[in-house]
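Asker: Let me begin by handing over the structure; questions about it come next.
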There are 2 protein chains.
Amino acid sequence: MAKIPELSDQPVDPAQLDLALDGYLGYVLRRAQMKVFQHLSARLEPYDLRPAQFTALMIIEQHPGLMQADLARALAIEPPQAVVLVNKLEKLGLAMRVRCKPDKRSYGIFLSKVGEVRLRELKEIALQSDIDSTRSLDRHEREQLIALLRKLYRETR
Amino acid sequence: MAKIPELSDQPVDPAQLDLALDGYLGYVLRRAQMKVFQHLSARLEPYDLRPAQFTALMIIEQHPGLMQADLARALAIEPPQAVVLVNKLEKLGLAMRVRCKPDKRSYGIFLSKVGEVRLRELKEIALQSDIDSTRSLDRHEREQLIALLRKLYRETR
DNA sequence: TATTGTTATACTCTATAACTATA
DNA sequence: TATAGTTATAGAGTATAACAATA
């Protein structure tokens with residue numbers, strides 16, 4: 001039977017509401033991810049960029065001239081989303097499509113000079129955002145956390 | 001200047017595309033969270049439930065008779081989303097609204113008998129999904145990871 | 001006047017189908 | 001015929017404004 005109504009009229013402590021979920025990795029992962037993600041989003045807002053667009057710039061820098069299809073795969077997004085994303089980066093003047101492949105259906109995607117300079121700044125901001133949004137961890141704990149998460153998501157099976 | 005097109009015509013290794021991002025906590029957190037979340041989503045699909053709805057059931061069980069506003073706060077969602085969520089749980093016969101408060105604007109939310117039984121099953125599934133989606137971690141690493149994430153997201157500042 | 005729950009609405013994110021141009 | 005990029009569209013998820021009932 002459901003609990004009787006009278007049992008639950010005590011005031012609820014908001015900070016303790018989800019204690020029973022603290023043992024679920026999926027739950028604490030999501031809460032942590034939301035916190036870090038929101039922090040970075042706020043820091044990128046002055047640049048009119050979203051976290052995914054910062055990620056895209058990083059991948060383009062690492063693989064200048066890659067095709068949109070490769071970028072989509074790297075970001076785990078669908079090709080149509082990649083179109084919108086690259087359009088946005090072009091509109092901001094940070095990246096550009098160049099018809100430079102033997103296969104004339106595709107382009108290479110490259111950072112512009114402005115994009116390269118801007119990305120250097122964004123990297124600092126992202127690293128600082130990581131630190132600021134995880135103040136309760138010391139440097140060793142933060143490195144340990146990154147190592148564990150990397151091991152988790154890079155697993156093939 | 002942007003790199004010259006010719007530089008980048010080597011084939012791209014998909015597994016290595018995002019190596020430069022591995023040092024960013026926000027990035028590895030997001031990738032790990034997506035992996036674990038998608039796994040749980042698939043496991044809950046036969047029950048016509050989403051991870052957020054499982055979380056709601058957990059919180060209702062822990063705080064039988066809580067108000068919708070408290071549930072929204074606990075889930076970090078807006079009140080209108082809580083309406084849709086509780087509607088869904090009622091439609092599935094897992095929870096119910098009961099007018100049982102001195103304040104007649106609000107209800108208490110309770111698990112039904114079916115909801116209580118179902119939740120026992122769902123807890124097993126969620127714990128197993130955690131383990132299955134993090135096969136590359138041993139038990140100690142998994143516990144360490146949970147402890148670090150909890151410390152991260154529970155920080156108040 | 002403020003608050004609980006609700007409706008309506010809009011904006012983002014994401015996924016799919018279908019089109020074009022090359023191959 | 002298959003593939004790269006694109007367009008159009010629809011479905012989630014999320015946020016805000018405004019309303020009814022109650023305090």
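Letters for chains follow the order of the structure tokens (A, B, ...), residue numbers begin at 1 for each chain, and ligand numbers begin at 1 in the order shown.
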Give me the residues of chain D that have any atom at most 9 Å from an atom of chain A; for each, the nearest atom pair and the distance in Å, rounded to one decimal. Use only C-alpha atoms (C1' of nucleotides), sort by chain and number, and format it as CSV.

Answerer:
```
residue,atom,partner,partner_atom,distance
D:DT3,C1',A:Arg105,CA,8.7
D:DA4,C1',A:Arg105,CA,5.4
D:DG5,C1',A:Ser106,CA,7.1
D:DT6,C1',A:Pro80,CA,7.3
D:DT7,C1',A:Pro80,CA,8.8
```

Asker: Using only C-alpha atoms (C1' of nucleotides), determine which residues of chain C fall within 10 Å of chain B; present them as a PDB file with N, CA and C atoms (P, O5', C5', C4', C3', O3' and C1' of nucleotides), in the first residue's frame.

Answerer:
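Dumped everything to iface-v2.pdb:
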```pdb
ATOM      1  P    DT C   3       5.633  34.054  -2.772  1.00  0.00           P
ATOM      2  O5'  DT C   3       4.681  32.803  -2.949  1.00  0.00           O
ATOM      3  C5'  DT C   3       4.090  32.210  -1.797  1.00  0.00           C
ATOM      4  C4'  DT C   3       3.257  31.010  -2.217  1.00  0.00           C
ATOM      5  C3'  DT C   3       3.984  30.052  -3.184  1.00  0.00           C
ATOM      6  O3'  DT C   3       3.706  28.726  -2.774  1.00  0.00           O
ATOM      7  C1'  DT C   3       1.922  30.710  -4.104  1.00  0.00           C
ATOM      8  P    DT C   4       4.428  27.461  -3.413  1.00  0.00           P
ATOM      9  O5'  DT C   4       3.219  26.655  -4.071  1.00  0.00           O
ATOM     10  C5'  DT C   4       2.246  26.010  -3.247  1.00  0.00           C
ATOM     11  C4'  DT C   4       1.271  25.266  -4.150  1.00  0.00           C
ATOM     12  C3'  DT C   4       1.954  24.359  -5.175  1.00  0.00           C
ATOM     13  O3'  DT C   4       1.406  23.052  -5.091  1.00  0.00           O
ATOM     14  C1'  DT C   4       0.463  25.872  -6.259  1.00  0.00           C
ATOM     15  P    DG C   5       2.025  21.833  -5.956  1.00  0.00           P
ATOM     16  O5'  DG C   5       1.181  21.941  -7.300  1.00  0.00           O
ATOM     17  C5'  DG C   5      -0.219  21.708  -7.246  1.00  0.00           C
ATOM     18  C4'  DG C   5      -0.862  22.231  -8.513  1.00  0.00           C
ATOM     19  C3'  DG C   5      -0.427  21.527  -9.805  1.00  0.00           C
ATOM     20  O3'  DG C   5      -1.538  20.844 -10.350  1.00  0.00           O
ATOM     21  C1'  DG C   5      -0.559  23.889 -10.076  1.00  0.00           C
ATOM     22  P    DT C   6      -1.369  19.960 -11.701  1.00  0.00           P
ATOM     23  O5'  DT C   6      -1.648  21.005 -12.861  1.00  0.00           O
ATOM     24  C5'  DT C   6      -2.930  21.623 -12.937  1.00  0.00           C
ATOM     25  C4'  DT C   6      -2.928  22.716 -13.980  1.00  0.00           C
ATOM     26  C3'  DT C   6      -2.536  22.261 -15.378  1.00  0.00           C
ATOM     27  O3'  DT C   6      -3.730  22.048 -16.110  1.00  0.00           O
ATOM     28  C1'  DT C   6      -1.683  24.440 -14.806  1.00  0.00           C
ATOM     29  P    DT C   7      -3.637  21.436 -17.577  1.00  0.00           P
ATOM     30  O5'  DT C   7      -3.404  22.727 -18.482  1.00  0.00           O
ATOM     31  C5'  DT C   7      -4.456  23.679 -18.632  1.00  0.00           C
ATOM     32  C4'  DT C   7      -3.960  24.835 -19.491  1.00  0.00           C
ATOM     33  C3'  DT C   7      -3.527  24.435 -20.906  1.00  0.00           C
ATOM     34  O3'  DT C   7      -4.360  25.120 -21.836  1.00  0.00           O
ATOM     35  C1'  DT C   7      -1.921  25.859 -19.862  1.00  0.00           C
TER      36       DT C   7
END
```

Asker: Please produce, as JSON lines, a per-residue contact table for chain B versus chain A (criterion: any atom at most 6 Å away, only C-alpha atoms considered), showing the nearest atom pair and its distance in Å to one decimal, sorted by chain then residue number.

Answerer:
```
{"residue": "B:Met1", "atom": "CA", "partner": "A:Lys113", "partner_atom": "CA", "distance": 5.1}
{"residue": "B:Ala2", "atom": "CA", "partner": "A:Ser112", "partner_atom": "CA", "distance": 5.4}
{"residue": "B:Pro5", "atom": "CA", "partner": "A:Gly65", "partner_atom": "CA", "distance": 5.9}
{"residue": "B:Ser8", "atom": "CA", "partner": "A:Gly65", "partner_atom": "CA", "distance": 5.1}
{"residue": "B:Leu17", "atom": "CA", "partner": "A:Ala74", "partner_atom": "CA", "distance": 6.0}
{"residue": "B:Leu25", "atom": "CA", "partner": "A:Ile146", "partner_atom": "CA", "distance": 5.8}
{"residue": "B:Gly26", "atom": "CA", "partner": "A:Val36", "partner_atom": "CA", "distance": 5.9}
{"residue": "B:Val28", "atom": "CA", "partner": "A:Arg150", "partner_atom": "CA", "distance": 5.9}
{"residue": "B:Leu29", "atom": "CA", "partner": "A:Gln33", "partner_atom": "CA", "distance": 5.7}
{"residue": "B:Ala32", "atom": "CA", "partner": "A:Tyr153", "partner_atom": "CA", "distance": 4.8}
{"residue": "B:Gln33", "atom": "CA", "partner": "A:Leu29", "partner_atom": "CA", "distance": 5.7}
{"residue": "B:Val36", "atom": "CA", "partner": "A:Gly26", "partner_atom": "CA", "distance": 5.9}
{"residue": "B:Pro64", "atom": "CA", "partner": "A:Ser8", "partner_atom": "CA", "distance": 5.8}
{"residue": "B:Gly65", "atom": "CA", "partner": "A:Ser8", "partner_atom": "CA", "distance": 5.2}
{"residue": "B:Ala74", "atom": "CA", "partner": "A:Leu17", "partner_atom": "CA", "distance": 6.0}
{"residue": "B:Leu111", "atom": "CA", "partner": "A:Ala2", "partner_atom": "CA", "distance": 5.8}
{"residue": "B:Ser112", "atom": "CA", "partner": "A:Ala2", "partner_atom": "CA", "distance": 5.4}
{"residue": "B:Lys113", "atom": "CA", "partner": "A:Met1", "partner_atom": "CA", "distance": 5.0}
{"residue": "B:Thr134", "atom": "CA", "partner": "A:Leu152", "partner_atom": "CA", "distance": 5.8}
{"residue": "B:Ser136", "atom": "CA", "partner": "A:Leu152", "partner_atom": "CA", "distance": 5.9}
{"residue": "B:Ile146", "atom": "CA", "partner": "A:Leu25", "partner_atom": "CA", "distance": 5.8}
{"residue": "B:Leu149", "atom": "CA", "partner": "A:Val28", "partner_atom": "CA", "distance": 5.9}
{"residue": "B:Arg150", "atom": "CA", "partner": "A:Val28", "partner_atom": "CA", "distance": 5.9}
{"residue": "B:Leu152", "atom": "CA", "partner": "A:Thr134", "partner_atom": "CA", "distance": 5.8}
{"residue": "B:Tyr153", "atom": "CA", "partner": "A:Ala32", "partner_atom": "CA", "distance": 4.8}
{"residue": "B:Glu155", "atom": "CA", "partner": "A:Ser136", "partner_atom": "CA", "distance": 5.9}
```

Asker: Restrict the selected residues to C-alpha atoms and save them as a PDB file, in the first residue's frame.

Answerer:
```
ATOM      1  CA  MET B   1      47.093  31.806 -41.628  1.00  0.00           C
ATOM      2  CA  ALA B   2      44.989  28.705 -41.836  1.00  0.00           C
ATOM      3  CA  PRO B   5      44.684  22.263 -47.694  1.00  0.00           C
ATOM      4  CA  SER B   8      45.160  17.392 -44.221  1.00  0.00           C
ATOM      5  CA  LEU B  17      39.861  12.729 -33.445  1.00  0.00           C
ATOM      6  CA  LEU B  25      36.875  17.799 -17.587  1.00  0.00           C
ATOM      7  CA  GLY B  26      33.730  19.218 -19.170  1.00  0.00           C
ATOM      8  CA  VAL B  28      35.079  13.812 -20.783  1.00  0.00           C
ATOM      9  CA  LEU B  29      32.223  14.325 -18.326  1.00  0.00           C
ATOM     10  CA  ALA B  32      30.846   9.616 -20.157  1.00  0.00           C
ATOM     11  CA  GLN B  33      27.431  10.914 -19.165  1.00  0.00           C
ATOM     12  CA  VAL B  36      25.824   5.868 -19.308  1.00  0.00           C
ATOM     13  CA  PRO B  64       6.009  10.060   0.118  1.00  0.00           C
ATOM     14  CA  GLY B  65       3.441  12.831  -0.018  1.00  0.00           C
ATOM     15  CA  ALA B  74      14.740  18.002  -6.399  1.00  0.00           C
ATOM     16  CA  LEU B 111       3.652   5.734  -5.188  1.00  0.00           C
ATOM     17  CA  SER B 112       0.889   3.272  -5.915  1.00  0.00           C
ATOM     18  CA  LYS B 113       1.317  -0.342  -4.838  1.00  0.00           C
ATOM     19  CA  THR B 134      31.109   1.014 -17.193  1.00  0.00           C
ATOM     20  CA  SER B 136      36.118  -0.847 -18.264  1.00  0.00           C
ATOM     21  CA  ILE B 146      30.930   8.021  -7.674  1.00  0.00           C
ATOM     22  CA  LEU B 149      31.286  13.090  -8.713  1.00  0.00           C
ATOM     23  CA  ARG B 150      29.186  13.356  -5.569  1.00  0.00           C
ATOM     24  CA  LEU B 152      31.798  17.736  -7.190  1.00  0.00           C
ATOM     25  CA  TYR B 153      28.095  18.315  -7.661  1.00  0.00           C
ATOM     26  CA  GLU B 155      29.539  21.480  -3.446  1.00  0.00           C
TER      27      GLU B 155
END
```

Asker: I'd like to know which residues of range 3-155 of chain B are strand (DSSP E or B) (by DSSP, run on the backbone); could you write them as a list in words?

Answerer: Leu66, Ala95, Met96, Arg97, Val98, Gly108, Ile109, Phe110 and Leu111 of chain B

Asker: Please produce a file of those selected residues containing N, CA and C atoms, as a compact mmCIF listing (two decimals), in the first residue's frame.

Answerer:
```
# COMPACT_ATOMS: atom_id res chain seq x y z
N LEU B 66 5.20 14.24 -0.89
CA LEU B 66 5.80 15.57 -1.16
C LEU B 66 4.98 16.32 -2.20
N ALA B 95 2.14 6.22 -9.81
CA ALA B 95 2.07 7.22 -8.75
C ALA B 95 0.72 7.92 -8.82
N MET B 96 0.40 8.69 -7.77
CA MET B 96 -0.88 9.40 -7.78
C MET B 96 -0.80 10.68 -6.95
N ARG B 97 -1.66 11.63 -7.35
CA ARG B 97 -1.81 12.87 -6.59
C ARG B 97 -2.94 12.66 -5.59
N VAL B 98 -2.70 13.07 -4.36
CA VAL B 98 -3.74 12.97 -3.32
C VAL B 98 -3.90 14.33 -2.64
N GLY B 108 -0.29 15.84 -2.09
CA GLY B 108 0.84 14.96 -1.85
C GLY B 108 0.94 14.01 -3.02
N ILE B 109 2.17 13.67 -3.39
CA ILE B 109 2.38 12.67 -4.44
C ILE B 109 2.86 11.38 -3.79
N PHE B 110 2.24 10.26 -4.18
CA PHE B 110 2.55 8.98 -3.57
C PHE B 110 2.76 7.92 -4.65
N LEU B 111 3.56 6.91 -4.33
CA LEU B 111 3.65 5.73 -5.19
C LEU B 111 2.41 4.88 -4.98
```

Asker: Between C1' of DA15 in chain D and CA of Tyr47 in chain B, what is the distance in Å, rounded to a tenth?

Answerer: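 Computing the Euclidean distance for C1' of DA15 in chain D and CA of Tyr47 in chain B yields 27.9 Å.
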
Asker: As a list of chain:residue names, please: the residues near range 9-20 of chain C (cut-off 9 Å, only C-alpha atoms (C1' of nucleotides), same-chain neighbours under 3 positions excluded).

Answerer: A:Ile77, A:Glu78, A:Gln81, D:DG5, D:DT6, D:DT7, D:DA8, D:DT9, D:DA10, D:DG11, D:DA12, D:DG13, D:DT14, D:DA15, D:DT16, D:DA17

Asker: Just the number, please: distance in Å from CA of Glu90 in chain A to CA of Ser41 in chain A, one decimal.

Answerer: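 According to the coordinates, CA of Glu90 in chain A and CA of Ser41 in chain A are separated by 20.0 Å.
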
Asker: Taking only chain A into account, list the residues labelled helix (DSSP H, G or I) by DSSP (computed from the backbone), as a PyMOL selection string.

Answerer: chain A and resi 5-8+14-16+19-21+25-47+51-62+68-75+79-91+113-132+139-154

Asker: Store the residues of this selection in a file with C-alpha atoms, as a short mmCIF file (atom, residue, chain, number, x, y, z; two decimals), in the first residue's frame.

Answerer:
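Output saved as out_31.cif:
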```
data_model
loop_
_atom_site.label_atom_id
_atom_site.label_comp_id
_atom_site.auth_asym_id
_atom_site.auth_seq_id
_atom_site.Cartn_x
_atom_site.Cartn_y
_atom_site.Cartn_z
CA PRO A 5 -0.64 10.98 3.77
CA GLU A 6 -0.02 12.04 7.36
CA LEU A 7 3.45 10.46 7.32
CA SER A 8 4.85 13.03 4.94
CA PRO A 14 15.88 20.37 -0.41
CA ALA A 15 19.53 19.37 -0.04
CA GLN A 16 18.59 15.88 1.17
CA LEU A 19 20.16 11.07 -1.06
CA ALA A 20 18.79 7.69 -2.16
CA LEU A 21 20.10 8.37 -5.67
CA LEU A 25 26.55 6.44 -11.14
CA GLY A 26 24.18 7.61 -13.87
CA TYR A 27 22.56 10.07 -11.51
CA VAL A 28 25.67 11.66 -10.02
CA LEU A 29 27.24 11.75 -13.49
CA ARG A 30 24.29 13.70 -14.83
CA ARG A 31 24.19 16.16 -11.96
CA ALA A 32 27.95 16.77 -12.18
CA GLN A 33 27.81 17.13 -15.94
CA MET A 34 24.98 19.66 -15.77
CA LYS A 35 26.87 21.75 -13.26
CA VAL A 36 30.12 21.85 -15.24
CA PHE A 37 28.29 22.31 -18.55
CA GLN A 38 26.19 25.23 -17.33
CA HIS A 39 29.27 26.94 -15.97
CA LEU A 40 31.10 26.66 -19.28
CA SER A 41 28.01 27.77 -21.20
CA ALA A 42 27.91 30.99 -19.19
CA ARG A 43 31.61 31.65 -19.78
CA LEU A 44 31.25 31.13 -23.54
CA GLU A 45 28.14 33.28 -23.87
CA PRO A 46 30.04 36.56 -24.46
CA TYR A 47 31.57 34.90 -27.54
CA PRO A 51 30.20 24.17 -25.65
CA ALA A 52 29.67 21.97 -28.71
CA GLN A 53 31.00 24.75 -30.94
CA PHE A 54 34.11 25.10 -28.81
CA THR A 55 34.60 21.35 -29.14
CA ALA A 56 34.23 21.64 -32.90
CA LEU A 57 36.90 24.36 -33.05
CA MET A 58 39.26 22.11 -31.05
CA ILE A 59 38.75 19.22 -33.46
CA ILE A 60 39.19 21.42 -36.53
CA GLU A 61 42.43 22.79 -35.10
CA GLN A 62 43.67 19.26 -34.47
CA GLN A 68 32.13 17.61 -42.31
CA ALA A 69 31.28 13.92 -42.07
CA ASP A 70 34.40 13.33 -39.95
CA LEU A 71 33.54 16.28 -37.75
CA ALA A 72 30.04 14.89 -37.23
CA ARG A 73 31.43 11.51 -36.25
CA ALA A 74 33.91 13.10 -33.82
CA LEU A 75 31.16 15.11 -32.15
CA PRO A 79 25.38 15.29 -40.50
CA PRO A 80 22.50 17.82 -40.59
CA GLN A 81 23.58 19.17 -37.20
CA ALA A 82 27.11 19.54 -38.51
CA VAL A 83 25.80 21.78 -41.30
CA VAL A 84 24.24 24.19 -38.82
CA LEU A 85 27.32 24.11 -36.64
CA VAL A 86 29.77 24.90 -39.44
CA ASN A 87 27.42 27.59 -40.78
CA LYS A 88 27.57 29.21 -37.37
CA LEU A 89 31.37 29.05 -37.18
CA GLU A 90 31.61 30.56 -40.66
CA LYS A 91 29.17 33.33 -39.74
CA LYS A 113 43.33 33.31 -38.56
CA VAL A 114 40.77 34.91 -36.26
CA GLY A 115 39.55 31.44 -35.31
CA GLU A 116 43.05 30.35 -34.33
CA VAL A 117 43.62 33.38 -32.15
CA ARG A 118 40.15 33.16 -30.61
CA LEU A 119 40.61 29.46 -29.86
CA ARG A 120 43.75 30.16 -27.83
CA GLU A 121 41.65 32.44 -25.67
CA LEU A 122 38.78 29.94 -25.45
CA LYS A 123 41.10 27.17 -24.27
CA GLU A 124 42.15 29.28 -21.29
CA ILE A 125 38.52 30.03 -20.53
CA ALA A 126 37.49 26.38 -20.74
CA LEU A 127 40.33 25.20 -18.49
CA GLN A 128 39.55 27.92 -15.97
CA SER A 129 35.84 27.06 -16.13
CA ASP A 130 36.68 23.42 -15.35
CA ILE A 131 38.58 24.53 -12.27
CA ASP A 132 36.01 27.10 -11.16
CA ARG A 139 44.10 19.17 -8.31
CA HIS A 140 44.85 15.51 -7.66
CA GLU A 141 41.17 14.62 -7.36
CA ARG A 142 40.40 16.50 -10.56
CA GLU A 143 43.11 14.61 -12.45
CA GLN A 144 41.92 11.33 -10.97
CA LEU A 145 38.37 12.15 -12.08
CA ILE A 146 39.44 12.96 -15.63
CA ALA A 147 41.42 9.72 -15.85
CA LEU A 148 38.47 7.63 -14.66
CA LEU A 149 36.00 9.33 -17.01
CA ARG A 150 38.35 8.95 -19.95
CA LYS A 151 38.76 5.27 -19.18
CA LEU A 152 34.98 4.93 -18.93
CA TYR A 153 33.94 6.57 -22.17
CA ARG A 154 36.83 5.39 -24.32
#
```
